[in-house]
$ cat final-v5.txt   # compact mmCIF, C-alpha atoms and all ligand atoms
# COMPACT_ATOMS: atom_id res chain seq x y z
CA MET U 1 -41.42 35.89 236.27
CA THR U 2 -38.66 33.92 238.03
CA GLU U 3 -35.14 35.15 237.51
CA HIS U 4 -32.92 33.20 235.12
CA ARG U 5 -30.83 30.85 237.28
CA ASN U 6 -27.57 32.12 235.81
CA ALA U 7 -28.66 35.77 235.98
CA SER U 8 -25.63 36.76 238.08
CA ILE U 9 -23.30 35.87 235.19
CA ALA U 10 -25.58 36.49 232.21
CA ARG U 11 -27.24 39.24 230.23
CA ASP U 12 -30.60 38.41 228.60
CA GLY U 13 -29.94 34.78 229.52
CA LYS U 14 -26.65 34.66 227.63
CA SER U 15 -23.09 34.66 228.91
CA ILE U 16 -19.66 35.60 227.68
CA ILE U 17 -17.36 34.28 230.36
CA LEU U 18 -13.75 35.33 230.04
CA ALA U 19 -11.67 32.40 231.30
CA HIS U 20 -8.27 33.16 232.73
CA ASP U 21 -7.06 30.15 234.70
CA HIS U 22 -4.42 29.30 232.10
CA GLY U 23 -1.52 30.37 234.31
CA LEU U 24 -2.38 27.28 236.35
CA GLU U 25 -3.71 24.96 233.64
CA HIS U 26 -1.17 25.67 230.90
CA GLY U 27 1.60 27.65 232.62
CA PRO U 28 3.55 30.67 231.41
CA ALA U 29 3.94 29.09 227.94
CA ALA U 30 0.36 30.23 227.27
CA PHE U 31 1.58 33.83 227.41
CA GLU U 32 4.14 33.51 224.62
CA GLY U 33 3.90 36.56 222.36
CA VAL U 34 1.61 38.38 224.82
CA GLU U 35 3.93 38.55 227.81
CA ASP U 36 2.28 41.73 229.07
CA ARG U 37 -0.75 39.54 229.91
CA LEU U 38 1.32 37.79 232.57
CA ASP U 39 0.13 40.75 234.59
CA PRO U 40 -3.41 39.64 235.54
CA GLU U 41 -4.46 43.27 235.78
CA THR U 42 -4.45 43.46 231.96
CA VAL U 43 -7.06 40.66 231.82
CA PHE U 44 -9.16 42.10 234.65
CA GLU U 45 -9.23 45.29 232.56
CA MET U 46 -10.46 43.28 229.53
CA ALA U 47 -13.21 41.83 231.72
CA THR U 48 -14.62 45.33 232.29
CA HIS U 49 -15.73 45.31 228.61
CA ASP U 50 -19.55 45.40 228.36
CA ALA U 51 -19.58 42.12 226.48
CA VAL U 52 -18.08 40.16 229.37
CA THR U 53 -20.65 38.82 231.82
CA ALA U 54 -18.14 37.12 234.14
CA LEU U 55 -14.43 36.50 234.63
CA ALA U 56 -13.37 32.97 235.61
CA VAL U 57 -10.22 32.91 237.72
CA GLN U 58 -8.52 30.86 240.41
CA LYS U 59 -8.30 31.82 244.07
CA GLY U 60 -4.99 33.66 244.00
CA LEU U 61 -6.05 36.05 241.23
CA ALA U 62 -9.39 36.59 242.94
CA GLU U 63 -7.68 37.41 246.23
CA GLN U 64 -5.08 39.74 244.75
CA TYR U 65 -6.97 41.54 241.99
CA TYR U 66 -10.72 41.16 242.40
CA PRO U 67 -11.06 43.63 245.28
CA SER U 68 -10.24 46.47 242.85
CA TYR U 69 -12.76 45.22 240.26
CA ASP U 70 -15.70 43.92 242.28
CA ASP U 71 -18.01 46.70 241.16
CA GLN U 72 -17.09 46.32 237.47
CA VAL U 73 -16.66 42.57 236.97
CA ASN U 74 -18.70 39.49 237.93
CA LEU U 75 -16.51 36.83 239.49
CA LEU U 76 -16.84 33.19 238.50
CA ALA U 77 -14.73 31.37 241.07
CA LYS U 78 -12.98 28.45 239.40
CA CYS U 79 -12.73 26.23 242.45
CA ASN U 80 -10.57 23.40 241.13
CA GLY U 81 -7.69 23.09 238.73
CA SER U 82 -4.50 21.26 237.82
CA SER U 83 -1.23 22.07 236.12
CA SER U 84 0.08 20.67 232.86
CA LEU U 85 3.09 19.38 234.80
CA TRP U 86 0.92 16.58 236.24
CA MET U 87 1.34 13.43 234.13
CA GLY U 88 -0.97 11.11 236.08
CA GLU U 89 -4.59 10.22 235.38
CA PRO U 90 -6.54 13.45 234.70
CA TYR U 91 -7.84 14.79 238.00
CA SER U 92 -8.63 18.33 239.03
CA PRO U 93 -8.46 18.82 242.80
CA GLN U 94 -10.39 21.48 244.64
CA THR U 95 -8.31 24.60 245.24
CA TRP U 96 -10.67 26.73 247.35
CA SER U 97 -13.95 26.31 249.13
CA VAL U 98 -17.28 27.63 247.92
CA GLU U 99 -17.67 29.43 251.25
CA TYR U 100 -14.38 31.27 250.81
CA ALA U 101 -15.24 32.12 247.19
CA ALA U 102 -18.54 33.58 248.39
CA GLU U 103 -16.64 35.60 251.01
CA LEU U 104 -14.47 37.04 248.25
CA GLY U 105 -17.61 38.12 246.40
CA ALA U 106 -18.09 35.29 243.87
CA ASP U 107 -21.17 35.54 241.64
CA ALA U 108 -20.92 31.91 240.51
CA ILE U 109 -18.86 28.78 241.04
CA GLY U 110 -16.96 26.94 238.30
CA TYR U 111 -15.72 23.36 238.52
CA THR U 112 -14.05 20.99 236.07
CA VAL U 113 -15.11 17.36 235.82
CA TYR U 114 -13.38 14.80 233.57
CA PRO U 115 -16.01 12.12 232.88
CA GLY U 116 -14.53 8.87 231.61
CA THR U 117 -11.29 8.97 233.56
CA ASN U 118 -10.34 6.58 236.36
CA THR U 119 -10.83 9.51 238.71
CA GLU U 120 -14.46 10.01 237.65
CA PRO U 121 -15.95 8.56 240.85
CA GLN U 122 -13.81 10.89 242.97
CA MET U 123 -14.58 13.90 240.78
CA PHE U 124 -18.33 13.21 240.92
CA GLU U 125 -18.11 13.08 244.73
CA ASP U 126 -16.05 16.28 244.83
CA PHE U 127 -18.59 17.97 242.56
CA GLN U 128 -21.46 16.86 244.79
CA GLU U 129 -20.02 18.74 247.77
CA VAL U 130 -19.25 21.82 245.72
CA GLN U 131 -22.67 21.89 244.05
CA GLU U 132 -24.49 21.55 247.37
CA ALA U 133 -22.31 24.21 249.02
CA ALA U 134 -23.09 26.52 246.09
CA ARG U 135 -26.81 25.91 246.59
CA GLU U 136 -26.36 26.89 250.26
CA GLU U 137 -24.70 30.14 249.15
CA GLY U 138 -27.30 30.77 246.45
CA LEU U 139 -24.67 30.71 243.68
CA PRO U 140 -25.10 29.15 240.23
CA VAL U 141 -22.69 26.38 239.26
CA ALA U 142 -20.86 26.09 235.95
CA MET U 143 -19.36 22.71 235.09
CA TRP U 144 -16.41 22.48 232.72
CA SER U 145 -17.43 19.02 231.43
CA TYR U 146 -14.44 17.57 229.60
CA PRO U 147 -14.62 13.82 228.84
CA ARG U 148 -11.15 12.25 228.90
CA GLY U 149 -9.57 8.89 229.64
CA GLN U 150 -9.00 5.59 227.90
CA ALA U 151 -12.52 5.10 226.56
CA ILE U 152 -12.58 8.52 224.91
CA LYS U 153 -10.88 8.12 221.57
CA GLU U 154 -12.18 11.39 220.16
CA HIS U 155 -13.21 13.85 222.81
CA ARG U 156 -15.21 16.09 220.43
CA LYS U 157 -17.40 13.32 219.00
CA PRO U 158 -21.06 14.46 218.93
CA GLU U 159 -22.22 11.65 221.25
CA THR U 160 -19.39 12.35 223.66
CA ILE U 161 -20.20 16.06 223.88
CA ALA U 162 -23.94 15.35 224.27
CA TYR U 163 -23.04 12.93 227.08
CA ALA U 164 -20.86 15.66 228.63
CA THR U 165 -23.73 18.18 228.72
CA ARG U 166 -26.14 15.54 230.05
CA ILE U 167 -23.74 14.70 232.87
CA GLY U 168 -23.79 18.39 233.78
CA LEU U 169 -27.59 18.36 234.02
CA GLU U 170 -27.68 15.08 235.93
CA LEU U 171 -25.15 16.26 238.52
CA GLY U 172 -26.86 19.60 239.10
CA ALA U 173 -24.88 22.13 237.06
CA ASP U 174 -26.77 25.25 235.95
CA LEU U 175 -24.44 25.84 233.05
CA VAL U 176 -22.25 23.31 231.25
CA LYS U 177 -19.21 24.26 229.30
CA VAL U 178 -18.14 21.91 226.52
CA LYS U 179 -15.77 21.84 223.58
CA TYR U 180 -17.26 22.41 220.16
CA PRO U 181 -18.50 19.08 218.71
CA ARG U 182 -17.55 20.19 215.17
CA SER U 183 -21.02 20.98 213.76
CA GLY U 184 -24.17 22.95 214.49
CA ASP U 185 -26.30 19.78 214.48
CA ALA U 186 -24.06 18.14 217.04
CA MET U 187 -24.17 21.29 219.17
CA ALA U 188 -27.99 21.35 218.97
CA HIS U 189 -28.06 17.71 220.14
CA ALA U 190 -25.76 18.60 223.06
CA VAL U 191 -28.05 21.51 223.98
CA ASP U 192 -31.09 19.19 223.89
CA ALA U 193 -29.28 16.63 226.03
CA ALA U 194 -28.62 19.30 228.66
CA GLY U 195 -32.33 19.88 229.26
CA ALA U 196 -32.82 22.88 231.55
CA ALA U 197 -29.08 23.43 232.01
CA ASP U 198 -27.50 26.09 229.82
CA VAL U 199 -24.71 25.07 227.48
CA VAL U 200 -21.78 27.31 226.65
CA LEU U 201 -19.06 26.78 224.14
CA SER U 202 -15.44 26.46 225.22
CA GLY U 203 -13.17 28.81 223.28
CA GLY U 204 -10.19 26.56 222.48
CA SER U 205 -6.81 27.53 221.09
CA LYS U 206 -6.49 30.77 219.17
CA THR U 207 -7.82 30.78 215.60
CA SER U 208 -8.52 33.49 213.03
CA ASP U 209 -11.17 36.10 213.82
CA TYR U 210 -13.52 34.67 211.21
CA GLU U 211 -13.07 31.01 212.15
CA PHE U 212 -13.60 31.79 215.82
CA LEU U 213 -16.63 34.04 215.34
CA SER U 214 -18.33 31.78 212.83
CA THR U 215 -18.01 28.84 215.25
CA VAL U 216 -19.62 31.02 217.93
CA GLU U 217 -22.37 32.02 215.47
CA THR U 218 -23.08 28.36 214.62
CA ALA U 219 -23.15 27.41 218.30
CA MET U 220 -25.54 30.26 219.12
CA ASP U 221 -27.83 29.28 216.23
CA ALA U 222 -27.80 25.76 217.67
CA GLY U 223 -29.13 27.00 221.01
CA ALA U 224 -25.97 27.61 223.01
CA SER U 225 -26.24 30.23 225.75
CA GLY U 226 -22.92 31.85 224.96
CA LEU U 227 -19.34 30.92 225.55
CA ALA U 228 -16.54 30.70 228.06
CA VAL U 229 -13.44 31.80 226.26
CA GLY U 230 -9.84 32.40 227.20
CA ARG U 231 -7.08 32.25 224.63
CA ASN U 232 -9.24 33.44 221.71
CA VAL U 233 -9.65 36.71 223.58
CA TRP U 234 -6.72 37.43 225.87
CA GLN U 235 -4.03 36.03 223.55
CA ARG U 236 -5.11 38.47 220.81
CA ASP U 237 -3.30 41.69 220.01
CA ASP U 238 -6.66 43.44 219.99
CA PRO U 239 -8.85 41.79 222.67
CA GLU U 240 -11.21 44.74 222.67
CA GLY U 241 -11.90 44.34 218.94
CA ILE U 242 -12.82 40.67 219.28
CA LEU U 243 -14.99 41.43 222.35
CA ASP U 244 -16.84 44.10 220.34
CA ALA U 245 -17.50 41.51 217.62
CA LEU U 246 -18.44 38.78 220.08
CA GLU U 247 -20.94 41.10 221.72
CA GLN U 248 -22.69 41.50 218.39
CA VAL U 249 -22.75 37.80 217.57
CA VAL U 250 -23.87 36.64 221.02
CA PHE U 251 -26.21 39.41 222.17
CA GLU U 252 -27.30 41.08 218.94
CA GLU U 253 -27.60 37.93 216.81
CA ARG U 254 -25.42 39.37 214.06
CA SER U 255 -23.47 37.10 211.73
CA ALA U 256 -19.71 36.70 212.13
CA GLU U 257 -19.27 38.44 208.80
CA ASP U 258 -21.41 41.44 209.83
CA ALA U 259 -19.68 41.71 213.18
CA LEU U 260 -16.28 41.80 211.48
CA ASP U 261 -17.46 44.41 208.96
CA GLN U 262 -18.19 46.96 211.69
P1 LIG N 1 -9.80 28.48 226.24
O1 LIG N 1 -10.92 29.29 225.66
O2 LIG N 1 -8.50 29.19 226.17
O3 LIG N 1 -9.77 27.08 225.69
O4 LIG N 1 -10.10 28.39 227.80
C1 LIG N 1 -11.15 27.65 228.30
C2 LIG N 1 -10.63 26.62 229.27
O5 LIG N 1 -11.64 25.76 229.75
C3 LIG N 1 -9.92 27.23 230.45
O6 LIG N 1 -10.77 27.54 231.50
C4 LIG N 1 -8.94 26.15 230.76
O7 LIG N 1 -7.78 26.66 231.33
C5 LIG N 1 -8.61 25.59 229.43
O8 LIG N 1 -9.70 25.81 228.61
C6 LIG N 1 -8.34 24.11 229.48
O9 LIG N 1 -7.90 23.79 228.20
P2 LIG N 1 -7.38 22.37 227.85
O10 LIG N 1 -8.56 21.48 227.93
O11 LIG N 1 -6.87 22.54 226.46
O12 LIG N 1 -6.31 22.06 228.85

$ encode --input "final-v5.txt" --output "structure tokens"
Amino acid sequence: MTEHRNASIARDGKSIILAHDHGLEHGPAAFEGVEDRLDPETVFEMATHDAVTALAVQKGLAEQYYPSYDDQVNLLAKCNGSSSLWMGEPYSPQTWSVEYAAELGADAIGYTVYPGTNTEPQMFEDFQEVQEAAREEGLPVAMWSYPRGQAIKEHRKPETIAYATRIGLELGADLVKVKYPRSGDAMAHAVDAAGAADVVLSGGSKTSDYEFLSTVETAMDAGASGLAVGRNVWQRDDPEGILDALEQVVFEERSAEDALDQ
């Protein structure tokens, strides 16, 4: 049997990717109320939880902290990013090379693309180089596929999210991360549109335990391969509790209600 293409960041073909690039994408405001998490070590510790199949971070965190965790955590190198200070057309420039990420011990490469923006042609070209470099290194590629720009009036519309997953497949991503298109049917359509590429749900801003877990449950029932989540885990007072519950919903096919009852 051939190995699942995302095996380095998955368990039984499913992934829970803890995303922690918010210091760059959202800035210190994202840490309001959980200031202790400004210390990346706290989040690397969370990523040692059994439920977490990979931790997605930028270069600086990988350089400074990953060496102490490389035998406990799988590294998903988020190789581009932008700050919320930038007010121009959405564009996410490359921040480190695939070769350097591989040198630091990356198990997979992550890259954001904003289809629909005026920078789409540039971002597609950037992604081409990254995807081909990842193939050279034998690393799977996860695309954060986030449609934006003037033509996108509602970025979570079912057709828009299905287009986002399809773009991931077409451009050679192994795993495509998209925002929740608001229903299980729409998620199932997005999974179908992705063909052989895996689709994972993007966590979004923090919600209640039940709301978050039941969205994950619906997405899993619709064929998603897991999730890539940041704020809904590391902004919580009890990240371990939500990871315990997520493990049950994603890997043990339990309902959100059951998982919360434990
Ligand atoms: P969340 O689960 O916190 O939404 O994180 C997932 C993520 O894709 C991060 O990797 C990224 O920093 C953030 O969302 C981007 O969020 P937004 O699209 O709201 O700027």

$ residues_near_point --input "final-v5.txt" --point "(-16.8, 17.9, 239.2)" --cutoff "7 Å" --atoms "only C-alpha atoms" --output "number ranges by chain"
U: 111-113, 123-124, 126-127, 143

$ closest_residue --input "final-v5.txt" --among "U:Ile161, U:Val229, U:Met187, U:Val98" --to "Ser15 (chain U)" --atoms "all atoms listed in the file"
U:Val229

$ residues_around --input "final-v5.txt" --residues "Ile17 (chain U)" --least-positions-apart "4" --cutoff "8 Å" --atoms "all atoms listed in the file" --output "short mmCIF file (atom, residue, chain, number, x, y, z; two decimals) with C-alpha atoms, keeping the file's coordinate frame"
data_model
loop_
_atom_site.label_atom_id
_atom_site.label_comp_id
_atom_site.auth_asym_id
_atom_site.auth_seq_id
_atom_site.Cartn_x
_atom_site.Cartn_y
_atom_site.Cartn_z
CA ILE U 9 -23.30 35.87 235.19
CA VAL U 52 -18.08 40.16 229.37
CA THR U 53 -20.65 38.82 231.82
CA ALA U 54 -18.14 37.12 234.14
CA LEU U 55 -14.43 36.50 234.63
CA ALA U 56 -13.37 32.97 235.61
CA LEU U 227 -19.34 30.92 225.55
CA ALA U 228 -16.54 30.70 228.06
CA VAL U 229 -13.44 31.80 226.26
#

$ closest_atom_pairs --input "final-v5.txt" --of "chain U" --to "ligand LIG 1 (chain N)" --cutoff "8 Å" --atoms "only C-alpha atoms and all ligand atoms" --output "Markdown table"
| residue | atom | partner | partner_atom | distance |
| --- | --- | --- | --- | --- |
| U:Leu18 | CA | N:LIG1 | O1 | 8.0 |
| U:Ala19 | CA | N:LIG1 | O6 | 4.9 |
| U:His20 | CA | N:LIG1 | O6 | 6.3 |
| U:Asp21 | CA | N:LIG1 | O7 | 4.9 |
| U:His22 | CA | N:LIG1 | O7 | 4.3 |
| U:Gly23 | CA | N:LIG1 | O7 | 7.9 |
| U:Leu24 | CA | N:LIG1 | O7 | 7.4 |
| U:Glu25 | CA | N:LIG1 | O7 | 5.0 |
| U:His26 | CA | N:LIG1 | O12 | 6.6 |
| U:Ala56 | CA | N:LIG1 | O6 | 7.3 |
| U:Ser84 | CA | N:LIG1 | O12 | 7.7 |
| U:Trp144 | CA | N:LIG1 | O5 | 6.5 |
| U:Tyr146 | CA | N:LIG1 | O10 | 7.3 |
| U:Lys177 | CA | N:LIG1 | O5 | 7.7 |
| U:Ser202 | CA | N:LIG1 | O1 | 5.4 |
| U:Gly203 | CA | N:LIG1 | O1 | 3.3 |
| U:Gly204 | CA | N:LIG1 | O3 | 3.3 |
| U:Ser205 | CA | N:LIG1 | O3 | 5.5 |
| U:Lys206 | CA | N:LIG1 | O2 | 7.5 |
| U:Ala228 | CA | N:LIG1 | C1 | 6.2 |
| U:Val229 | CA | N:LIG1 | O1 | 3.6 |
| U:Gly230 | CA | N:LIG1 | O2 | 3.6 |
| U:Arg231 | CA | N:LIG1 | O2 | 3.7 |
| U:Asn232 | CA | N:LIG1 | O1 | 6.0 |
| U:Val233 | CA | N:LIG1 | O1 | 7.8 |

$ residues_around --input "final-v5.txt" --residues "Ala193 (chain U)" --least-positions-apart "3" --cutoff "8 Å" --atoms "all atoms listed in the file" --output "PyMOL selection string"
chain U and resi 162-163+165-166+189-190

$ write_last_selection --input "final-v5.txt" --atoms "C-alpha atoms" --output "CSV table (one decimal), in the coordinates of the input"
chain,number,residue,atom,x,y,z
U,162,ALA,CA,-23.9,15.4,224.3
U,163,TYR,CA,-23.0,12.9,227.1
U,165,THR,CA,-23.7,18.2,228.7
U,166,ARG,CA,-26.1,15.5,230.0
U,189,HIS,CA,-28.1,17.7,220.1
U,190,ALA,CA,-25.8,18.6,223.1

$ residues_around --input "final-v5.txt" --residues "region 62-73 of chain U" --least-positions-apart "2" --cutoff "8 Å" --atoms "only C-alpha atoms" --output "list of chain:residue names"
U:Pro40, U:Glu41, U:Phe44, U:Ala47, U:Thr48, U:Thr53, U:Ala54, U:Leu55, U:Val57, U:Gln58, U:Lys59, U:Gly60, U:Leu75, U:Ala77, U:Leu104, U:Gly105

$ residues_around --input "final-v5.txt" --residues "Arg182 (chain U)" --least-positions-apart "5" --cutoff "12 Å" --atoms "all atoms listed in the file" --output "list in words"
Glu154, His155, Arg156, Lys157, Pro158, Glu159, Thr160, Ile161, Met187, Ala188, His189, Ala190, Leu201, Ser214, Thr215, Val216, Thr218, Ala219 and Ala222 of chain U

$ write_last_selection --input "final-v5.txt" --atoms "C-alpha atoms" --output "PDB file, keeping the file's coordinate frame"
ATOM      1  CA  GLU U 154     -12.180  11.390 220.160  1.00  0.00           C
ATOM      2  CA  HIS U 155     -13.210  13.850 222.810  1.00  0.00           C
ATOM      3  CA  ARG U 156     -15.210  16.090 220.430  1.00  0.00           C
ATOM      4  CA  LYS U 157     -17.400  13.320 219.000  1.00  0.00           C
ATOM      5  CA  PRO U 158     -21.060  14.460 218.930  1.00  0.00           C
ATOM      6  CA  GLU U 159     -22.220  11.650 221.250  1.00  0.00           C
ATOM      7  CA  THR U 160     -19.390  12.350 223.660  1.00  0.00           C
ATOM      8  CA  ILE U 161     -20.200  16.060 223.880  1.00  0.00           C
ATOM      9  CA  MET U 187     -24.170  21.290 219.170  1.00  0.00           C
ATOM     10  CA  ALA U 188     -27.990  21.350 218.970  1.00  0.00           C
ATOM     11  CA  HIS U 189     -28.060  17.710 220.140  1.00  0.00           C
ATOM     12  CA  ALA U 190     -25.760  18.600 223.060  1.00  0.00           C
ATOM     13  CA  LEU U 201     -19.060  26.780 224.140  1.00  0.00           C
ATOM     14  CA  SER U 214     -18.330  31.780 212.830  1.00  0.00           C
ATOM     15  CA  THR U 215     -18.010  28.840 215.250  1.00  0.00           C
ATOM     16  CA  VAL U 216     -19.620  31.020 217.930  1.00  0.00           C
ATOM     17  CA  THR U 218     -23.080  28.360 214.620  1.00  0.00           C
ATOM     18  CA  ALA U 219     -23.150  27.410 218.300  1.00  0.00           C
ATOM     19  CA  ALA U 222     -27.800  25.760 217.670  1.00  0.00           C
TER      20      ALA U 222
END

$ decode --input "final-v5.txt" --residues "region 84-100 of chain U" --atoms "N, CA and C atoms" --output "PDB file, in the first residue's frame"
ATOM      1  N   SER U  84      -0.919  42.531   9.613  1.00  0.00           N
ATOM      2  CA  SER U  84      -2.180  43.259   9.456  1.00  0.00           C
ATOM      3  C   SER U  84      -1.922  44.759   9.373  1.00  0.00           C
ATOM      4  N   LEU U  85      -0.676  45.164   9.393  1.00  0.00           N
ATOM      5  CA  LEU U  85      -0.351  46.587   9.223  1.00  0.00           C
ATOM      6  C   LEU U  85      -0.405  46.977   7.744  1.00  0.00           C
ATOM      7  N   TRP U  86      -0.231  45.974   6.878  1.00  0.00           N
ATOM      8  CA  TRP U  86      -0.225  46.209   5.425  1.00  0.00           C
ATOM      9  C   TRP U  86      -1.628  46.511   4.939  1.00  0.00           C
ATOM     10  N   MET U  87      -1.809  47.674   4.283  1.00  0.00           N
ATOM     11  CA  MET U  87      -3.156  48.080   3.859  1.00  0.00           C
ATOM     12  C   MET U  87      -3.320  48.014   2.339  1.00  0.00           C
ATOM     13  N   GLY U  88      -2.313  47.464   1.658  1.00  0.00           N
ATOM     14  CA  GLY U  88      -2.409  47.371   0.192  1.00  0.00           C
ATOM     15  C   GLY U  88      -3.234  46.169  -0.223  1.00  0.00           C
ATOM     16  N   GLU U  89      -3.182  45.866  -1.522  1.00  0.00           N
ATOM     17  CA  GLU U  89      -3.874  44.687  -2.056  1.00  0.00           C
ATOM     18  C   GLU U  89      -3.340  43.438  -1.328  1.00  0.00           C
ATOM     19  N   PRO U  90      -4.235  42.515  -0.901  1.00  0.00           N
ATOM     20  CA  PRO U  90      -3.743  41.332  -0.194  1.00  0.00           C
ATOM     21  C   PRO U  90      -2.642  40.614  -0.983  1.00  0.00           C
ATOM     22  N   TYR U  91      -1.542  40.391  -0.322  1.00  0.00           N
ATOM     23  CA  TYR U  91      -0.407  39.679  -0.926  1.00  0.00           C
ATOM     24  C   TYR U  91       0.417  39.108   0.207  1.00  0.00           C
ATOM     25  N   SER U  92       0.830  37.883   0.086  1.00  0.00           N
ATOM     26  CA  SER U  92       1.587  37.240   1.147  1.00  0.00           C
ATOM     27  C   SER U  92       2.948  36.828   0.595  1.00  0.00           C
ATOM     28  N   PRO U  93       3.984  37.626   0.863  1.00  0.00           N
ATOM     29  CA  PRO U  93       5.299  37.313   0.301  1.00  0.00           C
ATOM     30  C   PRO U  93       5.961  36.136   0.992  1.00  0.00           C
ATOM     31  N   GLN U  94       6.861  35.513   0.252  1.00  0.00           N
ATOM     32  CA  GLN U  94       7.604  34.378   0.825  1.00  0.00           C
ATOM     33  C   GLN U  94       8.553  34.898   1.902  1.00  0.00           C
ATOM     34  N   THR U  95       8.645  34.156   3.008  1.00  0.00           N
ATOM     35  CA  THR U  95       9.472  34.602   4.126  1.00  0.00           C
ATOM     36  C   THR U  95      10.672  33.685   4.383  1.00  0.00           C
ATOM     37  N   TRP U  96      10.634  32.468   3.842  1.00  0.00           N
ATOM     38  CA  TRP U  96      11.800  31.588   3.914  1.00  0.00           C
ATOM     39  C   TRP U  96      11.715  30.559   2.806  1.00  0.00           C
ATOM     40  N   SER U  97      12.845  30.006   2.470  1.00  0.00           N
ATOM     41  CA  SER U  97      12.853  29.060   1.346  1.00  0.00           C
ATOM     42  C   SER U  97      12.475  27.657   1.827  1.00  0.00           C
ATOM     43  N   VAL U  98      12.002  26.877   0.897  1.00  0.00           N
ATOM     44  CA  VAL U  98      11.676  25.476   1.187  1.00  0.00           C
ATOM     45  C   VAL U  98      12.948  24.722   1.606  1.00  0.00           C
ATOM     46  N   GLU U  99      14.052  25.059   0.957  1.00  0.00           N
ATOM     47  CA  GLU U  99      15.318  24.367   1.262  1.00  0.00           C
ATOM     48  C   GLU U  99      15.724  24.645   2.707  1.00  0.00           C
ATOM     49  N   TYR U 100      15.594  25.902   3.125  1.00  0.00           N
ATOM     50  CA  TYR U 100      15.974  26.242   4.498  1.00  0.00           C
ATOM     51  C   TYR U 100      15.007  25.587   5.498  1.00  0.00           C
TER      52      TYR U 100
END
